[in-house]
>>> print(open('final_13.tsv').read())   # TSV, C-alpha atoms
chain	number	residue	atom	x	y	z
A	1	MET	CA	121.54	113.82	110.12
A	2	SER	CA	118.45	115.55	108.78
A	3	ASN	CA	119.59	115.94	105.17
A	4	ILE	CA	120.60	112.36	104.58
A	5	LEU	CA	117.21	111.19	105.89
A	6	GLU	CA	115.59	113.11	103.02
A	7	THR	CA	117.06	110.51	100.64
A	8	ASP	CA	114.42	108.52	98.76
A	9	GLY	CA	113.27	105.46	100.70
A	10	GLU	CA	114.24	102.91	98.04
A	11	ARG	CA	117.83	104.21	98.02
A	12	LEU	CA	117.94	104.32	101.82
A	13	LEU	CA	116.81	100.70	101.99
A	14	VAL	CA	119.51	99.48	99.60
A	15	ALA	CA	122.23	101.44	101.40
A	16	VAL	CA	121.15	100.40	104.91
A	17	ARG	CA	120.86	96.78	103.81
A	18	ASP	CA	124.38	96.90	102.29
A	19	LEU	CA	125.82	98.46	105.44
A	20	LEU	CA	124.15	95.97	107.79
A	21	ALA	CA	125.38	93.09	105.62
A	22	ALA	CA	128.93	94.49	105.50
A	23	LYS	CA	128.94	94.77	109.29
A	24	GLY	CA	127.64	91.22	109.65
A	25	LEU	CA	124.52	92.46	111.49
A	26	ALA	CA	121.82	91.32	109.05
A	27	SER	CA	122.26	89.47	105.78
A	28	THR	CA	120.11	89.73	102.66
A	29	GLN	CA	119.41	86.02	103.11
A	30	GLU	CA	117.95	86.62	106.56
A	31	ILE	CA	115.74	89.41	105.22
A	32	LEU	CA	114.51	87.22	102.35
A	33	GLU	CA	113.73	84.38	104.76
A	34	ARG	CA	111.73	86.75	106.93
A	35	MET	CA	109.84	88.02	103.86
A	36	ALA	CA	108.88	84.46	102.94
A	37	ILE	CA	107.64	83.69	106.47
A	38	THR	CA	105.64	86.94	106.59
A	39	ASP	CA	104.14	86.36	103.14
A	40	ALA	CA	102.95	82.92	104.26
A	41	ALA	CA	100.60	84.35	106.92
A	42	SER	CA	97.13	85.10	105.54
A	43	PRO	CA	93.50	85.52	106.64
A	44	GLY	CA	93.04	81.85	105.73
A	45	GLN	CA	94.80	80.95	108.99
A	46	GLY	CA	92.49	83.00	111.16
A	47	ALA	CA	89.55	81.60	109.18
A	48	ARG	CA	90.60	78.04	110.06
A	49	MET	CA	90.58	78.99	113.76
A	50	VAL	CA	87.12	80.53	113.47
A	51	ALA	CA	85.70	77.52	111.64
A	52	LYS	CA	87.11	75.12	114.22
A	53	ALA	CA	85.71	77.21	117.07
A	54	TRP	CA	82.27	77.04	115.39
A	55	VAL	CA	82.23	73.23	115.36
A	56	ASP	CA	84.32	72.36	118.43
A	57	PRO	CA	83.18	73.87	121.78
A	58	ASP	CA	86.39	72.78	123.55
A	59	TYR	CA	88.51	74.53	120.95
A	60	ARG	CA	86.32	77.63	121.18
A	61	GLU	CA	86.96	77.75	124.92
A	62	ILE	CA	90.73	77.48	124.44
A	63	MET	CA	90.63	80.16	121.73
A	64	LEU	CA	88.75	82.64	123.93
A	65	ALA	CA	91.09	81.97	126.86
A	66	ASP	CA	94.34	82.22	124.88
A	67	GLY	CA	94.48	82.93	121.16
A	68	THR	CA	98.19	82.13	120.98
A	69	VAL	CA	97.62	78.58	122.27
A	70	ALA	CA	94.66	78.11	119.91
A	71	ALA	CA	96.64	79.29	116.87
A	72	GLY	CA	99.59	77.11	117.83
A	73	ALA	CA	97.27	74.10	118.12
A	74	LEU	CA	96.48	74.47	114.39
A	75	GLY	CA	100.16	74.68	113.49
A	76	ILE	CA	100.18	78.45	112.93
A	77	PRO	CA	103.69	79.73	113.81
A	78	MET	CA	103.35	81.98	116.89
A	79	ARG	CA	106.93	81.98	118.21
A	80	GLY	CA	108.05	85.56	118.79
A	81	ALA	CA	104.59	86.94	117.96
A	82	PRO	CA	102.85	89.26	120.44
A	83	PRO	CA	100.14	87.63	122.60
A	84	LEU	CA	96.92	87.03	120.65
A	85	GLY	CA	93.55	87.82	122.25
A	86	VAL	CA	90.22	86.70	120.78
A	87	LEU	CA	86.99	88.71	121.15
A	88	GLU	CA	83.72	86.82	120.77
A	89	ASN	CA	80.79	88.40	118.96
A	90	THR	CA	77.37	87.50	120.39
A	91	PRO	CA	73.79	88.54	119.58
A	92	GLU	CA	74.24	91.27	122.24
A	93	LEU	CA	77.76	92.48	121.51
A	94	HIS	CA	79.78	93.20	118.36
A	95	HIS	CA	83.54	93.90	118.39
A	96	LEU	CA	85.53	96.21	116.12
A	97	VAL	CA	89.34	96.25	116.26
A	98	VAL	CA	91.49	99.31	115.54
A	99	CYS	CA	94.92	100.66	116.45
A	100	THR	CA	94.60	104.43	116.80
A	101	LEU	CA	98.30	104.91	117.66
A	102	CYS	CA	99.88	102.99	114.78
A	103	SER	CA	98.76	99.82	113.00
A	104	CYS	CA	98.96	96.89	115.47
A	105	TYR	CA	97.28	93.95	113.72
A	106	PRO	CA	97.03	90.21	114.42
A	107	ARG	CA	99.55	89.51	111.67
A	108	ALA	CA	100.42	85.98	112.78
A	109	VAL	CA	96.88	84.83	111.99
A	110	LEU	CA	95.69	87.38	109.37
A	111	GLY	CA	98.86	88.38	107.49
A	112	TYR	CA	99.87	91.94	106.60
A	113	PRO	CA	97.38	94.60	107.69
A	114	PRO	CA	95.28	95.85	104.77
A	115	PHE	CA	95.76	99.42	103.52
A	116	TRP	CA	92.47	100.65	105.02
A	117	TYR	CA	93.40	99.41	108.49
A	118	LYS	CA	96.51	101.63	108.45
A	119	SER	CA	94.68	104.70	107.09
A	120	ALA	CA	94.14	107.83	109.20
A	121	ALA	CA	90.44	107.78	108.31
A	122	TYR	CA	89.89	104.28	109.68
A	123	ARG	CA	91.98	104.88	112.80
A	124	ALA	CA	90.20	108.12	113.67
A	125	ARG	CA	86.66	107.11	112.80
A	126	ALA	CA	86.69	103.66	114.40
A	127	VAL	CA	86.65	105.30	117.83
A	128	ARG	CA	84.78	108.49	116.93
A	129	ASP	CA	82.09	107.37	114.47
A	130	PRO	CA	82.20	103.56	114.56
A	131	ARG	CA	78.64	102.91	113.41
A	132	GLY	CA	79.04	105.34	110.50
A	133	LEU	CA	82.26	103.55	109.59
A	134	LEU	CA	80.60	100.12	109.72
A	135	ALA	CA	77.82	101.38	107.45
A	136	GLU	CA	80.43	102.02	104.73
A	137	TRP	CA	81.08	98.27	104.72
A	138	GLY	CA	77.34	97.64	104.64
A	139	THR	CA	77.45	96.44	108.24
A	140	VAL	CA	74.41	97.61	110.20
A	141	LEU	CA	74.08	96.18	113.71
A	142	PRO	CA	70.62	94.95	114.69
A	143	GLU	CA	68.61	96.97	117.20
A	144	GLY	CA	69.88	96.41	120.74
A	145	MET	CA	73.30	95.05	119.77
A	146	ARG	CA	76.04	96.95	121.62
A	147	LEU	CA	79.34	97.81	119.96
A	148	ARG	CA	82.69	97.44	121.67
A	149	ILE	CA	85.60	99.10	119.91
A	150	VAL	CA	88.93	97.55	120.87
A	151	ASP	CA	91.79	100.03	120.49
A	152	SER	CA	94.90	97.88	120.23
A	153	THR	CA	97.38	100.24	121.86
A	154	ALA	CA	99.99	98.06	123.51
A	155	GLU	CA	101.14	94.47	123.82
A	156	TYR	CA	98.22	92.38	122.57
A	157	ARG	CA	96.95	91.73	119.09
A	158	TRP	CA	93.20	91.17	118.84
A	159	MET	CA	91.05	89.17	116.46
A	160	VAL	CA	87.28	88.79	116.42
A	161	LEU	CA	85.49	85.44	116.61
A	162	PRO	CA	82.39	86.25	114.53
A	163	MET	CA	79.01	84.55	114.92
A	164	ARG	CA	78.35	81.54	112.73
A	165	PRO	CA	75.78	82.52	110.09
A	166	ALA	CA	72.45	80.71	109.87
A	167	GLY	CA	72.16	78.25	107.00
A	168	THR	CA	75.53	76.62	107.62
A	169	GLU	CA	74.24	73.69	109.68
A	170	GLY	CA	76.11	70.49	108.92
A	171	TRP	CA	78.90	72.24	107.02
A	172	THR	CA	82.47	70.94	107.30
A	173	GLU	CA	85.25	73.04	108.82
A	174	GLU	CA	86.68	73.57	105.34
A	175	GLN	CA	83.36	74.87	104.01
A	176	LEU	CA	82.97	77.16	107.01
A	177	ALA	CA	86.53	78.51	106.79
A	178	ALA	CA	85.90	79.44	103.15
A	179	ILE	CA	83.22	81.99	104.07
A	180	VAL	CA	85.28	83.79	106.76
A	181	ARG	CA	86.98	86.90	105.42
A	182	GLU	CA	89.66	89.22	106.77
A	183	GLY	CA	87.16	91.96	107.67
A	184	ASP	CA	84.98	89.51	109.63
A	185	MET	CA	87.90	88.89	112.01
A	186	ILE	CA	88.46	92.65	112.55
A	187	GLY	CA	84.74	93.34	112.85
A	188	VAL	CA	84.12	95.67	109.89
A	189	THR	CA	81.99	92.92	108.31
A	190	VAL	CA	80.20	89.75	109.42
A	191	PRO	CA	80.34	86.36	107.63
A	192	LYS	CA	77.72	85.95	104.96
A	193	LEU	CA	76.69	83.13	102.65
A	194	GLY	CA	77.35	83.57	98.93
B	1	MET	CA	97.45	96.13	141.18
B	2	PHE	CA	93.88	96.95	140.14
B	3	ALA	CA	91.18	94.28	140.46
B	4	PRO	CA	88.60	93.82	137.69
B	5	GLY	CA	85.73	96.27	138.18
B	6	THR	CA	87.90	99.00	139.74
B	7	PRO	CA	86.87	102.50	138.61
B	8	VAL	CA	89.91	104.42	137.38
B	9	GLN	CA	90.83	107.67	135.69
B	10	VAL	CA	93.49	108.02	133.02
B	11	LYS	CA	96.02	110.65	134.10
B	12	ASN	CA	95.38	114.04	132.54
B	13	ASP	CA	99.06	114.34	131.72
B	14	TRP	CA	100.66	115.55	128.50
B	15	PRO	CA	104.37	114.61	128.68
B	16	GLU	CA	104.71	115.29	124.94
B	17	THR	CA	104.54	119.00	125.79
B	18	ARG	CA	107.68	118.67	127.95
B	19	GLY	CA	110.05	117.00	125.49
B	20	PRO	CA	110.61	113.95	123.27
B	21	VAL	CA	108.52	110.97	124.42
B	22	HIS	CA	106.77	107.87	123.09
B	23	ILE	CA	103.45	107.10	124.76
B	24	ARG	CA	100.96	104.26	124.32
B	25	THR	CA	98.09	106.12	126.01
B	26	PRO	CA	95.91	107.75	123.31
B	27	HIS	CA	95.18	111.51	123.54
B	28	TYR	CA	91.42	110.97	123.54
B	29	LEU	CA	91.58	109.14	126.87
B	30	ARG	CA	93.66	111.57	128.94
B	31	GLY	CA	91.69	112.54	132.04
B	32	VAL	CA	88.83	110.18	131.15
B	33	LYS	CA	87.14	107.84	133.64
B	34	GLY	CA	86.83	104.13	132.91
B	35	MET	CA	86.69	100.72	134.52
B	36	VAL	CA	89.35	98.01	134.76
B	37	VAL	CA	88.19	94.88	132.94
B	38	ARG	CA	91.21	92.67	133.55
B	39	HIS	CA	94.96	92.49	134.04
B	40	LEU	CA	96.56	91.48	130.74
B	41	GLY	CA	100.05	90.75	132.04
B	42	THR	CA	103.16	92.71	132.92
B	43	TYR	CA	105.42	94.07	130.19
B	44	PRO	CA	108.55	96.24	129.87
B	45	ASN	CA	107.54	99.90	129.70
B	46	PRO	CA	107.41	100.87	125.99
B	47	GLU	CA	108.08	104.50	126.95
B	48	ASP	CA	111.62	103.36	127.84
B	49	LEU	CA	111.99	100.72	125.12
B	50	ALA	CA	111.36	103.46	122.54
B	51	PHE	CA	114.56	105.19	123.68
B	52	ALA	CA	116.56	101.97	124.22
B	53	ARG	CA	116.60	102.65	127.97
B	54	PRO	CA	116.36	99.89	130.61
B	55	ALA	CA	112.61	99.21	130.79
B	56	LYS	CA	110.90	98.32	134.05
B	57	PRO	CA	108.04	95.79	133.78
B	58	VAL	CA	104.66	97.49	134.28
B	59	PRO	CA	101.22	95.86	134.72
B	60	LEU	CA	98.95	96.29	131.71
B	61	TYR	CA	95.16	96.40	131.96
B	62	HIS	CA	92.19	96.26	129.66
B	63	VAL	CA	90.14	99.33	130.60
B	64	ALA	CA	86.60	100.01	129.32
B	65	PHE	CA	85.35	103.55	128.56
B	66	ASP	CA	81.85	104.73	127.67
B	67	GLN	CA	82.08	105.54	123.96
B	68	ARG	CA	79.32	108.16	124.00
B	69	ALA	CA	80.82	110.03	126.96
B	70	LEU	CA	84.09	110.42	125.02
B	71	TRP	CA	82.54	112.37	122.16
B	72	GLN	CA	79.08	113.44	123.37
B	73	GLU	CA	77.67	111.48	120.44
B	74	GLY	CA	77.11	107.86	119.53
B	75	ALA	CA	74.92	104.98	120.67
B	76	ALA	CA	74.03	104.23	124.29
B	77	GLY	CA	75.90	101.23	125.69
B	78	ASP	CA	78.76	101.32	123.18
B	79	GLU	CA	82.21	101.19	124.74
B	80	VAL	CA	85.89	101.47	123.90
B	81	LEU	CA	88.22	98.85	125.36
B	82	VAL	CA	91.86	99.91	125.56
B	83	GLU	CA	95.15	98.53	126.88
B	84	ILE	CA	96.54	101.00	129.44
B	85	PHE	CA	99.70	100.68	131.54
B	86	GLU	CA	99.32	101.00	135.32
B	87	HIS	CA	101.39	104.18	135.70
B	88	TRP	CA	98.77	105.98	133.58
B	89	LEU	CA	95.87	104.99	135.85
B	90	GLU	CA	94.63	106.58	139.08
B	91	PRO	CA	92.06	104.93	141.36
B	92	LEU	CA	88.82	106.92	141.75
C	1	MET	CA	90.62	112.44	108.69
C	2	CYS	CA	86.85	112.21	108.93
C	3	GLU	CA	86.53	111.09	105.34
C	4	PRO	CA	85.33	107.81	103.80
C	5	VAL	CA	87.81	104.95	104.28
C	6	ASP	CA	89.72	103.98	101.13
C	7	VAL	CA	89.02	100.24	100.93
C	8	GLU	CA	90.99	99.60	97.72
C	9	PRO	CA	93.53	96.79	98.28
C	10	HIS	CA	96.76	98.74	97.37
C	11	ALA	CA	98.98	95.64	97.01
C	12	LEU	CA	102.34	95.82	98.78
C	13	THR	CA	105.43	96.36	96.63
C	14	ASP	CA	108.71	94.43	96.94
C	15	PHE	CA	110.11	97.54	98.66
C	16	ASP	CA	107.30	97.50	101.23
C	17	ARG	CA	107.76	93.79	102.00
C	18	GLU	CA	111.52	94.14	102.28
C	19	VAL	CA	111.32	97.08	104.70
C	20	ASP	CA	108.82	95.11	106.78
C	21	ALA	CA	111.15	92.09	106.87
C	22	LEU	CA	114.20	94.24	107.67
C	23	ARG	CA	112.36	95.70	110.67
C	24	GLN	CA	111.56	92.22	111.92
C	25	VAL	CA	115.16	91.02	111.52
C	26	LEU	CA	116.46	94.08	113.42
C	27	GLY	CA	113.96	93.33	116.19
C	28	MET	CA	114.84	89.64	116.43
C	29	LYS	CA	118.54	90.53	116.67
C	30	ASN	CA	117.91	93.12	119.40
C	31	ILE	CA	119.35	95.86	117.21
C	32	MET	CA	116.23	97.99	117.52
C	33	THR	CA	112.75	97.53	119.00
C	34	VAL	CA	109.38	98.14	117.37
C	35	ASP	CA	108.97	100.86	120.01
C	36	GLU	CA	112.02	102.67	118.60
C	37	LEU	CA	110.49	102.35	115.11
C	38	ARG	CA	107.30	104.02	116.32
C	39	ARG	CA	109.18	106.70	118.20
C	40	GLY	CA	111.21	107.51	115.06
C	41	ILE	CA	108.02	107.82	113.01
C	42	GLU	CA	106.49	110.13	115.61
C	43	ALA	CA	109.66	112.25	115.72
C	44	MET	CA	109.41	113.01	112.00
C	45	PRO	CA	108.35	116.52	110.92
C	46	GLU	CA	104.61	116.47	110.24
C	47	ALA	CA	104.98	117.50	106.59
C	48	ASP	CA	107.29	114.53	105.93
C	49	TYR	CA	104.98	112.16	107.79
C	50	LEU	CA	102.03	113.23	105.65
C	51	ARG	CA	104.02	113.13	102.39
C	52	LEU	CA	105.65	109.72	102.81
C	53	SER	CA	104.03	106.33	102.23
C	54	TYR	CA	103.66	103.90	105.13
C	55	TYR	CA	106.86	101.96	104.47
C	56	ARG	CA	108.83	105.08	103.44
C	57	ARG	CA	108.14	106.31	106.98
C	58	TRP	CA	109.43	103.00	108.26
C	59	ILE	CA	112.75	103.02	106.37
C	60	ARG	CA	113.29	106.62	107.38
C	61	SER	CA	112.67	105.78	111.04
C	62	ILE	CA	114.88	102.68	110.81
C	63	THR	CA	117.70	104.74	109.31
C	64	TYR	CA	117.23	107.51	111.89
C	65	THR	CA	117.33	104.98	114.72
C	66	LEU	CA	120.41	103.13	113.43
C	67	LEU	CA	122.24	106.46	113.02
C	68	ARG	CA	121.16	107.69	116.44
C	69	LYS	CA	122.38	104.52	118.12
C	70	GLY	CA	125.64	104.50	116.18
C	71	VAL	CA	124.90	101.14	114.55
C	72	ILE	CA	125.79	102.90	111.31
C	73	THR	CA	127.37	106.33	110.88
C	74	GLU	CA	126.31	109.15	108.63
C	75	ALA	CA	129.69	109.02	106.84
C	76	GLU	CA	129.25	105.30	106.10
C	77	LEU	CA	125.72	105.85	104.87
C	78	ALA	CA	126.75	108.78	102.66
C	79	ALA	CA	129.61	106.73	101.16
C	80	THR	CA	127.32	103.76	100.50
C	81	LEU	CA	124.68	105.97	98.88
C	82	GLU	CA	127.43	107.48	96.72
C	83	ARG	CA	128.60	104.06	95.50
C	84	ARG	CA	125.07	102.86	94.67
>>> encode(input="final_13.tsv", output="structure tokens")
Amino acid sequence: MSNILETDGERLLVAVRDLLAAKGLASTQEILERMAITDAASPGQGARMVAKAWVDPDYREIMLADGTVAAGALGIPMRGAPPLGVLENTPELHHLVVCTLCSCYPRAVLGYPPFWYKSAAYRARAVRDPRGLLAEWGTVLPEGMRLRIVDSTAEYRWMVLPMRPAGTEGWTEEQLAAIVREGDMIGVTVPKLG
Amino acid sequence: MFAPGTPVQVKNDWPETRGPVHIRTPHYLRGVKGMVVRHLGTYPNPEDLAFARPAKPVPLYHVAFDQRALWQEGAAGDEVLVEIFEHWLEPL
Amino acid sequence: MCEPVDVEPHALTDFDREVDALRQVLGMKNIMTVDELRRGIEAMPEADYLRLSYYRRWIRSITYTLLRKGVITEAELAATLERR
């Protein structure tokens, strides 16, 4: 079967899709529906969870105990998704998420993994040279803050609950969610104002 | 089952040298000592799922490793936290 | 590998999104697992792995897996490619 696998990917996709449809195994409609559901997931969902955890201590506790339950409580579709774990950043400990074996990513709450997350450079350096890697994002951990790299190798998907930045006292959940970016929830960056 | 705080060593085994396999234990941890942080649940063995074989449920743990000891460089106190299946762990 | 990380966004193409969705549908229907996808990617010759884009690896692994399991046959695939 080696030669036929050399066929260009776009042609393989069309042919496999036709065959699966002809056999009644998977229809184009089902694939399009799945695309729409996948496209709907975005870092905005994870950001809503973070903002709620910042203002609601009970929610924060639920989120740290079981990310899947916490996401579901905000109406984020989690059915069929791998279990979601949440890692809390503190003044003593910063978390950085990577998948050295492939590209496991908390897609249900952050959407498609970004290109850099899937790159060989990120996957290798996150475990080997994590502080050098963080510096490329302009993230320099304060003196005395330990770093915990979480290599997402198996069943769980991990997201980071970053620390709430100073100067956001009295902000609404919506205002807080707006400053939380994708990288903050993987740990390459931390939330900043402006 | 390993309790939290149990010192363990990842098996220094390289099944990929013996034939086609799919393994969720990264190369850089083979033979390395770490500590069980917690049991994450019990899941069908991906090494079997990857070949569409019947997959026995195996306990999965979060195991912490000293980051600097892995590479002989880095910052003191940094650690790597990794999901490892029980059949890859030996008690110390 | 120990090079600066490319942080450009590289937006997904329709092809990328469709391969991603196809993989999910095959998983939900118990036709193939994500573990089989990974295994198929790892089984690829290194030169092909390095040459192909992320989702081109995926469609190749999906095709390899479906052929290996007999979900589709090489003759059917060849005939379909011919028609297209």
>>> closest_atom_pairs(input="final_13.tsv", of="chain C", to="chain B", cutoff="7 Å", atoms="only C-alpha atoms", output="JSON lines")
{"residue": "C:Thr33", "atom": "CA", "partner": "B:Leu49", "partner_atom": "CA", "distance": 6.9}
{"residue": "C:Asp35", "atom": "CA", "partner": "B:Ala50", "partner_atom": "CA", "distance": 4.3}
{"residue": "C:Glu36", "atom": "CA", "partner": "B:Ala50", "partner_atom": "CA", "distance": 4.1}
{"residue": "C:Arg39", "atom": "CA", "partner": "B:His22", "partner_atom": "CA", "distance": 5.6}
>>> residues_around(input="final_13.tsv", residues="Tyr156 (chain A)", least_positions_apart="3", cutoff="7 Å", atoms="all atoms listed in the file", output="NGL selection string")
:A and (82-85 or 152)
>>> interface_residues(input="final_13.tsv", of="chain B", to="chain A", cutoff="9 Å", atoms="only C-alpha atoms", output="VMD selection string")
chain B and resid 24 to 26 40 43 46 60 64 67 to 68 70 to 71 73 to 85
>>> closest_residue(input="final_13.tsv", among="A:Leu193, A:Leu64, A:Ala120, A:Leu134", to="Leu50 (chain C)", atoms="only C-alpha atoms")
A:Ala120
>>> residues_around(input="final_13.tsv", residues="Asp8 (chain A)", least_positions_apart="4", cutoff="10 Å", atoms="all atoms listed in the file", output="list in words")
Ile4, Leu12 and Leu13 of chain A; Leu52, Arg56, Ile59 and Arg60 of chain C
>>> residues_around(input="final_13.tsv", residues="Arg30 (chain B)", least_positions_apart="4", cutoff="9 Å", atoms="all atoms listed in the file", output="list in words")
Gln9, Val10, Lys11, Asn12, Asp13, Trp14, Thr25, Pro26 and Trp88 of chain B
>>> interface_residues(input="final_13.tsv", of="chain A", to="chain C", cutoff="6 Å", atoms="all atoms listed in the file", output="ChimeraX atom specification")
/A:9,15,31,34-35,116,120-122
>>> residues_around(input="final_13.tsv", residues="Pro44 (chain B)", least_positions_apart="5", cutoff="7 Å", atoms="all atoms listed in the file", output="list in words")
Ala55, Lys56, Pro57 and Val58 of chain B
>>> atom_distance(input="final_13.tsv", atom1="CA of Glu182 (chain A)", atom2="CA of Tyr49 (chain C)")
27.6 Å
>>> atom_distance(input="final_13.tsv", atom1="CA of Ala47 (chain C)", atom2="CA of Glu6 (chain A)")
12.0 Å
>>> closest_residue(input="final_13.tsv", among="B:Asp66, B:Arg53, B:Val36, B:His27", to="Val8 (chain B)", atoms="only C-alpha atoms")
B:Val36
>>> atom_distance(input="final_13.tsv", atom1="CA of Thr90 (chain A)", atom2="CA of Ala135 (chain A)")
19.0 Å
>>> closest_residue(input="final_13.tsv", among="A:Asp184, A:Glu61, A:Glu92, A:Asp39", to="Glu143 (chain A)", atoms="only C-alpha atoms")
A:Glu92
>>> axis_aligned_box(input="final_13.tsv", around="region 9-24 of chain B", padding_each_side="5 Å", output="AutoDock Vina command-line options")
--center_x 100.7 --center_y 111.6 --center_z 129.4 --size_x 29.8 --size_y 24.7 --size_z 22.6
>>> build_atoms(input="final_13.tsv", residues="region 13-29 of chain A", atoms="N, CA and C atoms", output="mmCIF file, in the frame of the given file")
data_model
loop_
_atom_site.group_PDB
_atom_site.id
_atom_site.type_symbol
_atom_site.label_atom_id
_atom_site.label_comp_id
_atom_site.auth_asym_id
_atom_site.auth_seq_id
_atom_site.Cartn_x
_atom_site.Cartn_y
_atom_site.Cartn_z
ATOM 1 N N LEU A 13 116.909 102.131 101.691
ATOM 2 C CA LEU A 13 116.810 100.700 101.990
ATOM 3 C C LEU A 13 118.027 99.946 101.473
ATOM 4 N N VAL A 14 118.372 100.194 100.203
ATOM 5 C CA VAL A 14 119.510 99.480 99.600
ATOM 6 C C VAL A 14 120.788 99.787 100.374
ATOM 7 N N ALA A 15 120.992 101.049 100.717
ATOM 8 C CA ALA A 15 122.230 101.440 101.400
ATOM 9 C C ALA A 15 122.283 100.860 102.820
ATOM 10 N N VAL A 16 121.173 100.936 103.534
ATOM 11 C CA VAL A 16 121.150 100.400 104.910
ATOM 12 C C VAL A 16 121.361 98.895 104.877
ATOM 13 N N ARG A 17 120.714 98.237 103.942
ATOM 14 C CA ARG A 17 120.860 96.780 103.810
ATOM 15 C C ARG A 17 122.317 96.408 103.516
ATOM 16 N N ASP A 18 122.963 97.153 102.603
ATOM 17 C CA ASP A 18 124.380 96.900 102.290
ATOM 18 C C ASP A 18 125.251 97.074 103.527
ATOM 19 N N LEU A 19 124.993 98.156 104.263
ATOM 20 C CA LEU A 19 125.820 98.460 105.440
ATOM 21 C C LEU A 19 125.656 97.388 106.518
ATOM 22 N N LEU A 20 124.413 96.985 106.757
ATOM 23 C CA LEU A 20 124.150 95.970 107.790
ATOM 24 C C LEU A 20 124.792 94.643 107.394
ATOM 25 N N ALA A 21 124.761 94.332 106.097
ATOM 26 C CA ALA A 21 125.380 93.090 105.620
ATOM 27 C C ALA A 21 126.898 93.172 105.784
ATOM 28 N N ALA A 22 127.466 94.318 105.416
ATOM 29 C CA ALA A 22 128.930 94.490 105.500
ATOM 30 C C ALA A 22 129.406 94.389 106.949
ATOM 31 N N LYS A 23 128.565 94.819 107.880
ATOM 32 C CA LYS A 23 128.940 94.770 109.290
ATOM 33 C C LYS A 23 128.593 93.416 109.924
ATOM 34 N N GLY A 24 128.006 92.530 109.143
ATOM 35 C CA GLY A 24 127.640 91.220 109.650
ATOM 36 C C GLY A 24 126.461 91.266 110.629
ATOM 37 N N LEU A 25 125.649 92.321 110.552
ATOM 38 C CA LEU A 25 124.520 92.460 111.490
ATOM 39 C C LEU A 25 123.237 91.837 110.969
ATOM 40 N N ALA A 26 123.027 91.908 109.658
ATOM 41 C CA ALA A 26 121.820 91.320 109.050
ATOM 42 C C ALA A 26 122.128 91.054 107.588
ATOM 43 N N SER A 27 121.941 89.817 107.170
ATOM 44 C CA SER A 27 122.260 89.470 105.780
ATOM 45 C C SER A 27 121.010 89.564 104.911
ATOM 46 N N THR A 28 121.227 89.713 103.609
ATOM 47 C CA THR A 28 120.110 89.730 102.660
ATOM 48 C C THR A 28 119.331 88.426 102.767
ATOM 49 N N GLN A 29 120.054 87.329 102.964
ATOM 50 C CA GLN A 29 119.410 86.020 103.110
ATOM 51 C C GLN A 29 118.408 86.018 104.278
#
